[in-house]
file model_23.pdb (PDB, C-alpha atoms)
ATOM      1  CA  MET A  60      -8.867 -38.009  17.144
ATOM      2  CA  ALA A  61     -10.992 -37.815  13.998
ATOM      3  CA  SER A  62     -13.600 -35.675  15.750
ATOM      4  CA  LYS A  63     -10.918 -33.127  16.691
ATOM      5  CA  ASN A  64      -9.901 -32.890  13.020
ATOM      6  CA  GLU A  65     -13.546 -32.645  11.959
ATOM      7  CA  GLU A  66     -14.120 -29.863  14.470
ATOM      8  CA  GLU A  67     -11.031 -28.018  13.229
ATOM      9  CA  PHE A  68     -12.195 -28.493   9.619
ATOM     10  CA  ARG A  69     -15.637 -27.044  10.446
ATOM     11  CA  ARG A  70     -14.016 -24.095  12.222
ATOM     12  CA  LEU A  71     -11.757 -23.422   9.221
ATOM     13  CA  ASN A  72     -14.705 -23.734   6.860
ATOM     14  CA  LEU A  73     -16.704 -21.180   8.841
ATOM     15  CA  GLU A  74     -13.717 -18.861   9.079
ATOM     16  CA  LEU A  75     -13.165 -19.154   5.330
ATOM     17  CA  ARG A  76     -16.766 -18.154   4.599
ATOM     18  CA  LEU A  77     -16.458 -15.123   6.887
ATOM     19  CA  LEU A  78     -13.142 -14.132   5.309
ATOM     20  CA  GLU A  79     -14.594 -14.472   1.824
ATOM     21  CA  GLN A  80     -17.506 -12.213   2.804
ATOM     22  CA  THR A  81     -15.016  -9.714   4.219
ATOM     23  CA  ALA A  82     -13.031  -9.850   0.970
ATOM     24  CA  GLU A  83     -16.221  -9.170  -1.017
ATOM     25  CA  THR A  84     -17.038  -6.197   1.221
ATOM     26  CA  LEU A  85     -13.523  -4.806   0.786
ATOM     27  CA  GLN A  86     -13.772  -5.269  -2.985
ATOM     28  CA  SER A  87     -17.073  -3.390  -2.947
ATOM     29  CA  ARG A  88     -15.435  -0.538  -0.998
ATOM     30  CA  MET A  89     -12.601  -0.490  -3.519
ATOM     31  CA  ASN A  90     -15.126  -0.190  -6.356
ATOM     32  CA  MET A  91     -16.838   2.739  -4.598
ATOM     33  CA  ILE A  92     -13.492   4.460  -4.014
ATOM     34  CA  ASN A  93     -12.549   3.972  -7.673
ATOM     35  CA  ALA A  94     -15.892   5.392  -8.827
ATOM     36  CA  ALA A  95     -15.532   8.429  -6.558
ATOM     37  CA  ALA A  96     -11.952   9.000  -7.769
ATOM     38  CA  THR A  97     -13.079   8.798 -11.398
ATOM     39  CA  ASP A  98     -15.811  11.350 -10.704
ATOM     40  CA  LEU A  99     -13.319  13.694  -9.013
ATOM     41  CA  ARG A 100     -10.807  13.366 -11.854
ATOM     42  CA  TYR A 101     -13.615  14.231 -14.278
ATOM     43  CA  ALA A 102     -14.405  17.352 -12.211
ATOM     44  CA  GLN A 103     -10.709  18.225 -12.072
ATOM     45  CA  THR A 104     -10.401  17.965 -15.856
ATOM     46  CA  THR A 105     -13.538  20.062 -16.324
ATOM     47  CA  LEU A 106     -12.228  22.808 -14.019
ATOM     48  CA  GLU A 107      -8.915  22.847 -15.871
ATOM     49  CA  GLY A 108     -10.841  23.139 -19.145
ATOM     50  CA  LEU A 109     -12.766  26.126 -17.780
ATOM     51  CA  GLU A 110      -9.500  28.058 -17.561
ATOM     52  CA  LYS A 111      -9.527  28.251 -21.374
ATOM     53  CA  GLU A 112     -13.112  29.505 -21.564
ATOM     54  CA  ASN A 113     -14.223  33.109 -21.578
ATOM     55  CA  GLU A 114     -17.200  34.588 -19.845
ATOM     56  CA  LYS A 115     -20.381  34.025 -21.893
ATOM     57  CA  SER A 116     -18.818  31.067 -23.723
ATOM     58  CA  GLU A 117     -21.355  28.504 -24.874
ATOM     59  CA  LEU A 118     -20.856  25.055 -23.328
ATOM     60  CA  LEU A 119     -22.464  21.651 -23.542
ATOM     61  CA  VAL A 120     -23.369  20.503 -20.037
ATOM     62  CA  PRO A 121     -23.945  16.773 -19.454
ATOM     63  CA  VAL A 122     -27.302  15.970 -17.858
ATOM     64  CA  GLY A 123     -26.879  12.172 -17.844
ATOM     65  CA  GLY A 124     -27.623   9.346 -20.209
ATOM     66  CA  THR A 125     -25.165  10.844 -22.748
ATOM     67  CA  SER A 126     -27.485  13.851 -23.086
ATOM     68  CA  TYR A 127     -26.413  17.491 -22.939
ATOM     69  CA  ILE A 128     -27.883  20.975 -22.742
ATOM     70  CA  ARG A 129     -26.413  24.176 -24.123
ATOM     71  CA  ALA A 130     -25.492  26.722 -21.479
ATOM     72  CA  ARG A 131     -23.643  30.020 -21.301
ATOM     73  CA  LEU A 132     -20.814  30.412 -18.824
ATOM     74  CA  ASP A 133     -21.710  33.327 -16.545
ATOM     75  CA  ASN A 134     -18.545  33.468 -14.432
ATOM     76  CA  PRO A 135     -15.746  30.965 -15.138
ATOM     77  CA  ASN A 136     -13.989  31.860 -11.885
ATOM     78  CA  GLN A 137     -16.836  30.878  -9.542
ATOM     79  CA  VAL A 138     -17.706  27.231  -8.875
ATOM     80  CA  ILE A 139     -20.323  25.689  -6.597
ATOM     81  CA  VAL A 140     -18.744  22.814  -4.672
ATOM     82  CA  GLY A 141     -20.607  20.119  -2.765
ATOM     83  CA  MET A 142     -19.342  19.896   0.802
ATOM     84  CA  GLY A 143     -21.428  16.899   1.888
ATOM     85  CA  ALA A 144     -24.774  16.377   3.610
ATOM     86  CA  GLY A 145     -26.501  18.258   0.790
ATOM     87  CA  VAL A 146     -24.526  21.450   1.464
ATOM     88  CA  SER A 147     -22.880  23.314  -1.424
ATOM     89  CA  VAL A 148     -20.831  26.510  -1.279
ATOM     90  CA  GLU A 149     -19.513  28.910  -3.855
ATOM     91  CA  LYS A 150     -15.740  28.885  -4.248
ATOM     92  CA  THR A 151     -13.239  30.302  -6.679
ATOM     93  CA  ARG A 152     -12.114  27.936  -9.409
ATOM     94  CA  GLU A 153      -8.682  27.636  -7.745
ATOM     95  CA  GLU A 154     -10.235  26.858  -4.342
ATOM     96  CA  ALA A 155     -12.439  24.230  -5.975
ATOM     97  CA  LYS A 156      -9.405  22.659  -7.648
ATOM     98  CA  GLU A 157      -7.620  22.478  -4.291
ATOM     99  CA  ILE A 158     -10.644  20.879  -2.607
ATOM    100  CA  ILE A 159     -10.826  18.259  -5.352
ATOM    101  CA  LYS A 160      -7.077  17.652  -5.161
ATOM    102  CA  LYS A 161      -7.313  17.082  -1.393
ATOM    103  CA  ARG A 162     -10.261  14.722  -1.843
ATOM    104  CA  LEU A 163      -8.272  12.720  -4.396
ATOM    105  CA  VAL A 164      -5.365  12.458  -1.943
ATOM    106  CA  ASP A 165      -7.768  11.290   0.780
ATOM    107  CA  LEU A 166      -9.285   8.710  -1.573
ATOM    108  CA  GLU A 167      -5.830   7.421  -2.476
ATOM    109  CA  LYS A 168      -5.084   6.948   1.239
ATOM    110  CA  ALA A 169      -8.374   5.104   1.662
ATOM    111  CA  ARG A 170      -7.620   2.957  -1.396
ATOM    112  CA  THR A 171      -4.198   2.044   0.014
ATOM    113  CA  SER A 172      -5.749   1.105   3.353
ATOM    114  CA  VAL A 173      -8.437  -1.064   1.745
ATOM    115  CA  GLN A 174      -5.848  -2.734  -0.496
ATOM    116  CA  GLN A 175      -3.731  -3.581   2.555
ATOM    117  CA  GLN A 176      -6.749  -4.996   4.366
ATOM    118  CA  PHE A 177      -7.691  -7.001   1.288
ATOM    119  CA  ALA A 178      -4.149  -8.403   1.014
ATOM    120  CA  GLN A 179      -4.245  -9.468   4.686
ATOM    121  CA  VAL A 180      -7.615 -11.166   4.242
ATOM    122  CA  ALA A 181      -6.447 -12.897   1.052
ATOM    123  CA  GLU A 182      -3.340 -14.173   2.836
ATOM    124  CA  LYS A 183      -5.442 -15.521   5.712
ATOM    125  CA  ILE A 184      -7.802 -17.196   3.218
ATOM    126  CA  ASN A 185      -4.828 -18.928   1.579
ATOM    127  CA  GLN A 186      -3.462 -20.045   4.950
ATOM    128  CA  ASP A 187      -6.829 -21.449   6.023
ATOM    129  CA  ARG A 188      -7.302 -23.254   2.705
ATOM    130  CA  GLU A 189      -3.886 -24.881   3.088
ATOM    131  CA  LYS A 190      -4.763 -25.977   6.627
ATOM    132  CA  ALA A 191      -8.110 -27.360   5.453
ATOM    133  CA  GLU A 192      -6.451 -29.266   2.605
ATOM    134  CA  ALA A 193      -3.903 -30.704   5.053
ATOM    135  CA  LEU A 194      -6.727 -31.842   7.351
ATOM    136  CA  VAL A 195      -8.509 -33.501   4.437
ATOM    137  CA  ALA A 196      -5.283 -35.239   3.403
ATOM    138  CA  THR A 197      -4.701 -36.412   6.979
ATOM    139  CA  ALA A 198      -8.262 -37.718   7.192
ATOM    140  CA  ARG A 199      -7.836 -39.606   3.929
ATOM    141  CA  GLU A 200      -4.578 -41.160   5.129
ATOM    142  CA  GLY A 201      -6.235 -42.244   8.374
ATOM    143  CA  LYS A 202      -9.162 -43.778   6.520
ATOM    144  CA  THR A 203      -6.847 -45.602   4.106
ATOM    145  CA  ARG A 204      -4.922 -47.076   7.042
ATOM    146  CA  GLN A 205      -8.144 -48.223   8.696
ATOM    147  CA  ASP A 206      -9.294 -49.894   5.480
ATOM    148  CA  VAL A 207      -6.028 -51.843   5.168
TER     149      VAL A 207
END

call {"tool": "encode", "arguments": {"input": "model_23.pdb", "output": "structure tokens"}}
result
Amino acid sequence: MASKNEEEFRRLNLELRLLEQTAETLQSRMNMINAAATDLRYAQTTLEGLEKENEKSELLVPVGGTSYIRARLDNPNQVIVGMGAGVSVEKTREEAKEIIKKRLVDLEKARTSVQQQFAQVAEKINQDREKAEALVATAREGKTRQDV
């Protein structure tokens, strides 16, 4: 009987490790989604700010590492938008805002899906931990009885 409990305990232990790895992967995906959403919100705010700028306005353009260059705005109504796979196309500012808005909606759907998956994995982890603790308690009771 003890070997059946030991086998079940080993199985639960293995399953717990796999579930914990899955949870880490889902958390990593969530972090990537959050980073992408932050980047898109930054772009959205920038495009909204461009509405207030005139042609030939001088702007500070971030180049990374909290460094900027001065640039003149040639046409505030034309934006180059990355479409993926290294492809960028010129769009109107309003079209670019719509593309970004749609991407944010898609990211929110992805975030919801990952959160649901994470919740399911977390629930399974809790269930398996409870089962493992019960097996340990049962094993201890059996050993105590044998010692008596």

call {"tool": "resolve_selection", "arguments": {"input": "model_23.pdb", "expression": "the PyMOL selection byres ((chain A and resi 166) around 10)", "output": "NGL selection string"}}
result
:A and (89 or 92-93 or 95-96 or 99 or 160-165 or 167-172)

call {"tool": "write_last_selection", "arguments": {"input": "model_23.pdb", "atoms": "C-alpha atoms", "output": "PDB file, in the coordinates of the input"}}
result
ATOM      1  CA  MET A  89     -12.601  -0.490  -3.519  1.00  0.00           C
ATOM      2  CA  ILE A  92     -13.492   4.460  -4.014  1.00  0.00           C
ATOM      3  CA  ASN A  93     -12.549   3.972  -7.673  1.00  0.00           C
ATOM      4  CA  ALA A  95     -15.532   8.429  -6.558  1.00  0.00           C
ATOM      5  CA  ALA A  96     -11.952   9.000  -7.769  1.00  0.00           C
ATOM      6  CA  LEU A  99     -13.319  13.694  -9.013  1.00  0.00           C
ATOM      7  CA  LYS A 160      -7.077  17.652  -5.161  1.00  0.00           C
ATOM      8  CA  LYS A 161      -7.313  17.082  -1.393  1.00  0.00           C
ATOM      9  CA  ARG A 162     -10.261  14.722  -1.843  1.00  0.00           C
ATOM     10  CA  LEU A 163      -8.272  12.720  -4.396  1.00  0.00           C
ATOM     11  CA  VAL A 164      -5.365  12.458  -1.943  1.00  0.00           C
ATOM     12  CA  ASP A 165      -7.768  11.290   0.780  1.00  0.00           C
ATOM     13  CA  GLU A 167      -5.830   7.421  -2.476  1.00  0.00           C
ATOM     14  CA  LYS A 168      -5.084   6.948   1.239  1.00  0.00           C
ATOM     15  CA  ALA A 169      -8.374   5.104   1.662  1.00  0.00           C
ATOM     16  CA  ARG A 170      -7.620   2.957  -1.396  1.00  0.00           C
ATOM     17  CA  THR A 171      -4.198   2.044   0.014  1.00  0.00           C
ATOM     18  CA  SER A 172      -5.749   1.105   3.353  1.00  0.00           C
TER      19      SER A 172
END

call {"tool": "residues_around", "arguments": {"input": "model_23.pdb", "residues": "stretch 186-189 of chain A", "least_positions_apart": "2", "cutoff": "10 Å", "atoms": "all atoms listed in the file", "output": "ChimeraX atom specification"}}
result
/A:68,70-72,74-75,78,180-184,191-195

call {"tool": "residues_around", "arguments": {"input": "model_23.pdb", "residues": "stretch 135-140 of chain A", "least_positions_apart": "5", "cutoff": "7 Å", "atoms": "all atoms listed in the file", "output": "list of chain:residue names"}}
result
A:Leu109, A:Asn113, A:Glu114, A:Ser147, A:Val148, A:Glu149, A:Lys150, A:Thr151, A:Arg152, A:Ala155

call {"tool": "residues_near_point", "arguments": {"input": "model_23.pdb", "point": "(-19.6, 29.6, -26.6)", "cutoff": "8 Å", "atoms": "only C-alpha atoms", "output": "ChimeraX atom specification"}}
result
/A:115-118,131-132

call {"tool": "closest_residue", "arguments": {"input": "model_23.pdb", "among": "A:Phe177, A:Ala102, A:Ala130, A:Gly143", "to": "A:Glu157", "atoms": "only C-alpha atoms"}}
result
A:Ala102

call {"tool": "closest_residue", "arguments": {"input": "model_23.pdb", "among": "A:Tyr127, A:Glu154, A:Gln179, A:Gln174", "to": "A:Leu106", "atoms": "all atoms listed in the file"}}
result
A:Glu154

call {"tool": "atom_distance", "arguments": {"input": "model_23.pdb", "atom1": "atom CA of A:Gly141", "atom2": "atom CA of A:Gly108"}}
result
19.3 Å

call {"tool": "residues_around", "arguments": {"input": "model_23.pdb", "residues": "stretch 83-85 of chain A", "least_positions_apart": "2", "cutoff": "8 Å", "atoms": "all atoms listed in the file", "output": "MDAnalysis selection string"}}
result
chainID A and resid 79:81 87:89 173 176:177

call {"tool": "atom_distance", "arguments": {"input": "model_23.pdb", "atom1": "atom CA of A:Ala94", "atom2": "atom CA of A:Val146"}}
result
20.9 Å

call {"tool": "decode", "arguments": {"input": "model_23.pdb", "residues": "stretch 87-131 of chain A", "atoms": "N, CA and C atoms", "output": "PDB file, in the first residue's frame"}}
result
ATOM      1  N   SER A  87       5.706  34.832 -18.231  1.00  0.00           N
ATOM      2  CA  SER A  87       6.598  35.461 -19.195  1.00  0.00           C
ATOM      3  C   SER A  87       5.803  36.037 -20.373  1.00  0.00           C
ATOM      4  N   ARG A  88       4.819  35.276 -20.850  1.00  0.00           N
ATOM      5  CA  ARG A  88       3.954  35.769 -21.939  1.00  0.00           C
ATOM      6  C   ARG A  88       3.207  37.019 -21.499  1.00  0.00           C
ATOM      7  N   MET A  89       2.720  36.999 -20.256  1.00  0.00           N
ATOM      8  CA  MET A  89       1.992  38.149 -19.731  1.00  0.00           C
ATOM      9  C   MET A  89       2.905  39.374 -19.703  1.00  0.00           C
ATOM     10  N   ASN A  90       4.144  39.190 -19.303  1.00  0.00           N
ATOM     11  CA  ASN A  90       5.103  40.299 -19.278  1.00  0.00           C
ATOM     12  C   ASN A  90       5.343  40.850 -20.681  1.00  0.00           C
ATOM     13  N   MET A  91       5.445  39.961 -21.674  1.00  0.00           N
ATOM     14  CA  MET A  91       5.645  40.411 -23.059  1.00  0.00           C
ATOM     15  C   MET A  91       4.421  41.173 -23.565  1.00  0.00           C
ATOM     16  N   ILE A  92       3.236  40.672 -23.238  1.00  0.00           N
ATOM     17  CA  ILE A  92       2.001  41.348 -23.643  1.00  0.00           C
ATOM     18  C   ILE A  92       1.933  42.729 -23.002  1.00  0.00           C
ATOM     19  N   ASN A  93       2.263  42.812 -21.719  1.00  0.00           N
ATOM     20  CA  ASN A  93       2.239  44.102 -21.020  1.00  0.00           C
ATOM     21  C   ASN A  93       3.233  45.085 -21.635  1.00  0.00           C
ATOM     22  N   ALA A  94       4.415  44.597 -21.983  1.00  0.00           N
ATOM     23  CA  ALA A  94       5.428  45.467 -22.601  1.00  0.00           C
ATOM     24  C   ALA A  94       4.949  45.969 -23.963  1.00  0.00           C
ATOM     25  N   ALA A  95       4.361  45.080 -24.746  1.00  0.00           N
ATOM     26  CA  ALA A  95       3.858  45.477 -26.070  1.00  0.00           C
ATOM     27  C   ALA A  95       2.713  46.485 -25.926  1.00  0.00           C
ATOM     28  N   ALA A  96       1.836  46.281 -24.947  1.00  0.00           N
ATOM     29  CA  ALA A  96       0.723  47.203 -24.727  1.00  0.00           C
ATOM     30  C   ALA A  96       1.239  48.572 -24.285  1.00  0.00           C
ATOM     31  N   THR A  97       2.251  48.591 -23.446  1.00  0.00           N
ATOM     32  CA  THR A  97       2.842  49.858 -23.010  1.00  0.00           C
ATOM     33  C   THR A  97       3.423  50.604 -24.203  1.00  0.00           C
ATOM     34  N   ASP A  98       4.122  49.884 -25.068  1.00  0.00           N
ATOM     35  CA  ASP A  98       4.715  50.480 -26.260  1.00  0.00           C
ATOM     36  C   ASP A  98       3.625  51.060 -27.174  1.00  0.00           C
ATOM     37  N   LEU A  99       2.531  50.316 -27.346  1.00  0.00           N
ATOM     38  CA  LEU A  99       1.440  50.796 -28.194  1.00  0.00           C
ATOM     39  C   LEU A  99       0.734  52.006 -27.586  1.00  0.00           C
ATOM     40  N   ARG A 100       0.566  52.016 -26.267  1.00  0.00           N
ATOM     41  CA  ARG A 100      -0.056  53.173 -25.625  1.00  0.00           C
ATOM     42  C   ARG A 100       0.836  54.415 -25.772  1.00  0.00           C
ATOM     43  N   TYR A 101       2.146  54.200 -25.713  1.00  0.00           N
ATOM     44  CA  TYR A 101       3.094  55.293 -25.925  1.00  0.00           C
ATOM     45  C   TYR A 101       2.937  55.841 -27.353  1.00  0.00           C
ATOM     46  N   ALA A 102       2.838  54.955 -28.331  1.00  0.00           N
ATOM     47  CA  ALA A 102       2.646  55.378 -29.724  1.00  0.00           C
ATOM     48  C   ALA A 102       1.312  56.109 -29.888  1.00  0.00           C
ATOM     49  N   GLN A 103       0.288  55.597 -29.226  1.00  0.00           N
ATOM     50  CA  GLN A 103      -1.036  56.214 -29.294  1.00  0.00           C
ATOM     51  C   GLN A 103      -0.990  57.646 -28.736  1.00  0.00           C
ATOM     52  N   THR A 104      -0.340  57.807 -27.604  1.00  0.00           N
ATOM     53  CA  THR A 104      -0.210  59.127 -26.988  1.00  0.00           C
ATOM     54  C   THR A 104       0.587  60.068 -27.890  1.00  0.00           C
ATOM     55  N   THR A 105       1.635  59.550 -28.499  1.00  0.00           N
ATOM     56  CA  THR A 105       2.458  60.365 -29.397  1.00  0.00           C
ATOM     57  C   THR A 105       1.640  60.828 -30.603  1.00  0.00           C
ATOM     58  N   LEU A 106       0.861  59.913 -31.193  1.00  0.00           N
ATOM     59  CA  LEU A 106       0.043  60.287 -32.352  1.00  0.00           C
ATOM     60  C   LEU A 106      -1.012  61.318 -31.970  1.00  0.00           C
ATOM     61  N   GLU A 107      -1.575  61.185 -30.791  1.00  0.00           N
ATOM     62  CA  GLU A 107      -2.556  62.182 -30.336  1.00  0.00           C
ATOM     63  C   GLU A 107      -1.873  63.536 -30.135  1.00  0.00           C
ATOM     64  N   GLY A 108      -0.644  63.513 -29.636  1.00  0.00           N
ATOM     65  CA  GLY A 108       0.117  64.748 -29.453  1.00  0.00           C
ATOM     66  C   GLY A 108       0.465  65.419 -30.770  1.00  0.00           C
ATOM     67  N   LEU A 109       0.637  64.627 -31.817  1.00  0.00           N
ATOM     68  CA  LEU A 109       0.959  65.184 -33.140  1.00  0.00           C
ATOM     69  C   LEU A 109      -0.188  66.031 -33.691  1.00  0.00           C
ATOM     70  N   GLU A 110      -1.397  65.757 -33.239  1.00  0.00           N
ATOM     71  CA  GLU A 110      -2.549  66.528 -33.722  1.00  0.00           C
ATOM     72  C   GLU A 110      -2.397  68.013 -33.387  1.00  0.00           C
ATOM     73  N   LYS A 111      -1.667  68.303 -32.320  1.00  0.00           N
ATOM     74  CA  LYS A 111      -1.489  69.691 -31.865  1.00  0.00           C
ATOM     75  C   LYS A 111      -0.309  70.376 -32.548  1.00  0.00           C
ATOM     76  N   GLU A 112       0.472  69.614 -33.291  1.00  0.00           N
ATOM     77  CA  GLU A 112       1.688  70.159 -33.903  1.00  0.00           C
ATOM     78  C   GLU A 112       1.429  70.605 -35.336  1.00  0.00           C
ATOM     79  N   ASN A 113       2.118  71.640 -35.715  1.00  0.00           N
ATOM     80  CA  ASN A 113       2.032  72.157 -37.083  1.00  0.00           C
ATOM     81  C   ASN A 113       3.163  71.587 -37.914  1.00  0.00           C
ATOM     82  N   GLU A 114       2.988  71.693 -39.214  1.00  0.00           N
ATOM     83  CA  GLU A 114       4.053  71.289 -40.118  1.00  0.00           C
ATOM     84  C   GLU A 114       5.274  72.165 -39.837  1.00  0.00           C
ATOM     85  N   LYS A 115       6.434  71.572 -39.878  1.00  0.00           N
ATOM     86  CA  LYS A 115       7.726  72.224 -39.616  1.00  0.00           C
ATOM     87  C   LYS A 115       7.961  72.524 -38.137  1.00  0.00           C
ATOM     88  N   SER A 116       7.111  71.980 -37.257  1.00  0.00           N
ATOM     89  CA  SER A 116       7.351  72.134 -35.823  1.00  0.00           C
ATOM     90  C   SER A 116       8.627  71.394 -35.455  1.00  0.00           C
ATOM     91  N   GLU A 117       9.362  71.933 -34.480  1.00  0.00           N
ATOM     92  CA  GLU A 117      10.559  71.252 -34.017  1.00  0.00           C
ATOM     93  C   GLU A 117      10.180  70.314 -32.878  1.00  0.00           C
ATOM     94  N   LEU A 118      10.643  69.069 -32.967  1.00  0.00           N
ATOM     95  CA  LEU A 118      10.329  68.046 -31.965  1.00  0.00           C
ATOM     96  C   LEU A 118      11.598  67.431 -31.425  1.00  0.00           C
ATOM     97  N   LEU A 119      11.490  66.862 -30.234  1.00  0.00           N
ATOM     98  CA  LEU A 119      12.565  66.029 -29.697  1.00  0.00           C
ATOM     99  C   LEU A 119      12.137  64.578 -29.910  1.00  0.00           C
ATOM    100  N   VAL A 120      12.971  63.829 -30.615  1.00  0.00           N
ATOM    101  CA  VAL A 120      12.653  62.442 -30.941  1.00  0.00           C
ATOM    102  C   VAL A 120      13.549  61.516 -30.115  1.00  0.00           C
ATOM    103  N   PRO A 121      12.929  60.618 -29.319  1.00  0.00           N
ATOM    104  CA  PRO A 121      13.760  59.716 -28.506  1.00  0.00           C
ATOM    105  C   PRO A 121      14.516  58.723 -29.391  1.00  0.00           C
ATOM    106  N   VAL A 122      15.806  58.540 -29.063  1.00  0.00           N
ATOM    107  CA  VAL A 122      16.621  57.572 -29.799  1.00  0.00           C
ATOM    108  C   VAL A 122      17.088  56.436 -28.899  1.00  0.00           C
ATOM    109  N   GLY A 123      16.616  56.431 -27.637  1.00  0.00           N
ATOM    110  CA  GLY A 123      16.962  55.379 -26.688  1.00  0.00           C
ATOM    111  C   GLY A 123      17.930  55.869 -25.640  1.00  0.00           C
ATOM    112  N   GLY A 124      17.951  55.180 -24.530  1.00  0.00           N
ATOM    113  CA  GLY A 124      18.878  55.524 -23.458  1.00  0.00           C
ATOM    114  C   GLY A 124      18.647  56.925 -22.927  1.00  0.00           C
ATOM    115  N   THR A 125      17.390  57.363 -22.901  1.00  0.00           N
ATOM    116  CA  THR A 125      16.991  58.726 -22.500  1.00  0.00           C
ATOM    117  C   THR A 125      17.761  59.798 -23.263  1.00  0.00           C
ATOM    118  N   SER A 126      18.016  59.532 -24.535  1.00  0.00           N
ATOM    119  CA  SER A 126      18.678  60.490 -25.428  1.00  0.00           C
ATOM    120  C   SER A 126      17.709  60.871 -26.537  1.00  0.00           C
ATOM    121  N   TYR A 127      17.841  62.113 -27.020  1.00  0.00           N
ATOM    122  CA  TYR A 127      16.918  62.637 -28.020  1.00  0.00           C
ATOM    123  C   TYR A 127      17.686  63.364 -29.109  1.00  0.00           C
ATOM    124  N   ILE A 128      17.031  63.499 -30.273  1.00  0.00           N
ATOM    125  CA  ILE A 128      17.563  64.354 -31.333  1.00  0.00           C
ATOM    126  C   ILE A 128      16.471  65.369 -31.679  1.00  0.00           C
ATOM    127  N   ARG A 129      16.902  66.507 -32.174  1.00  0.00           N
ATOM    128  CA  ARG A 129      15.945  67.513 -32.643  1.00  0.00           C
ATOM    129  C   ARG A 129      15.596  67.171 -34.088  1.00  0.00           C
ATOM    130  N   ALA A 130      14.300  67.288 -34.384  1.00  0.00           N
ATOM    131  CA  ALA A 130      13.839  67.000 -35.744  1.00  0.00           C
ATOM    132  C   ALA A 130      12.702  67.965 -36.094  1.00  0.00           C
ATOM    133  N   ARG A 131      12.523  68.175 -37.369  1.00  0.00           N
ATOM    134  CA  ARG A 131      11.408  69.013 -37.834  1.00  0.00           C
ATOM    135  C   ARG A 131      10.347  68.098 -38.434  1.00  0.00           C
TER     136      ARG A 131
END
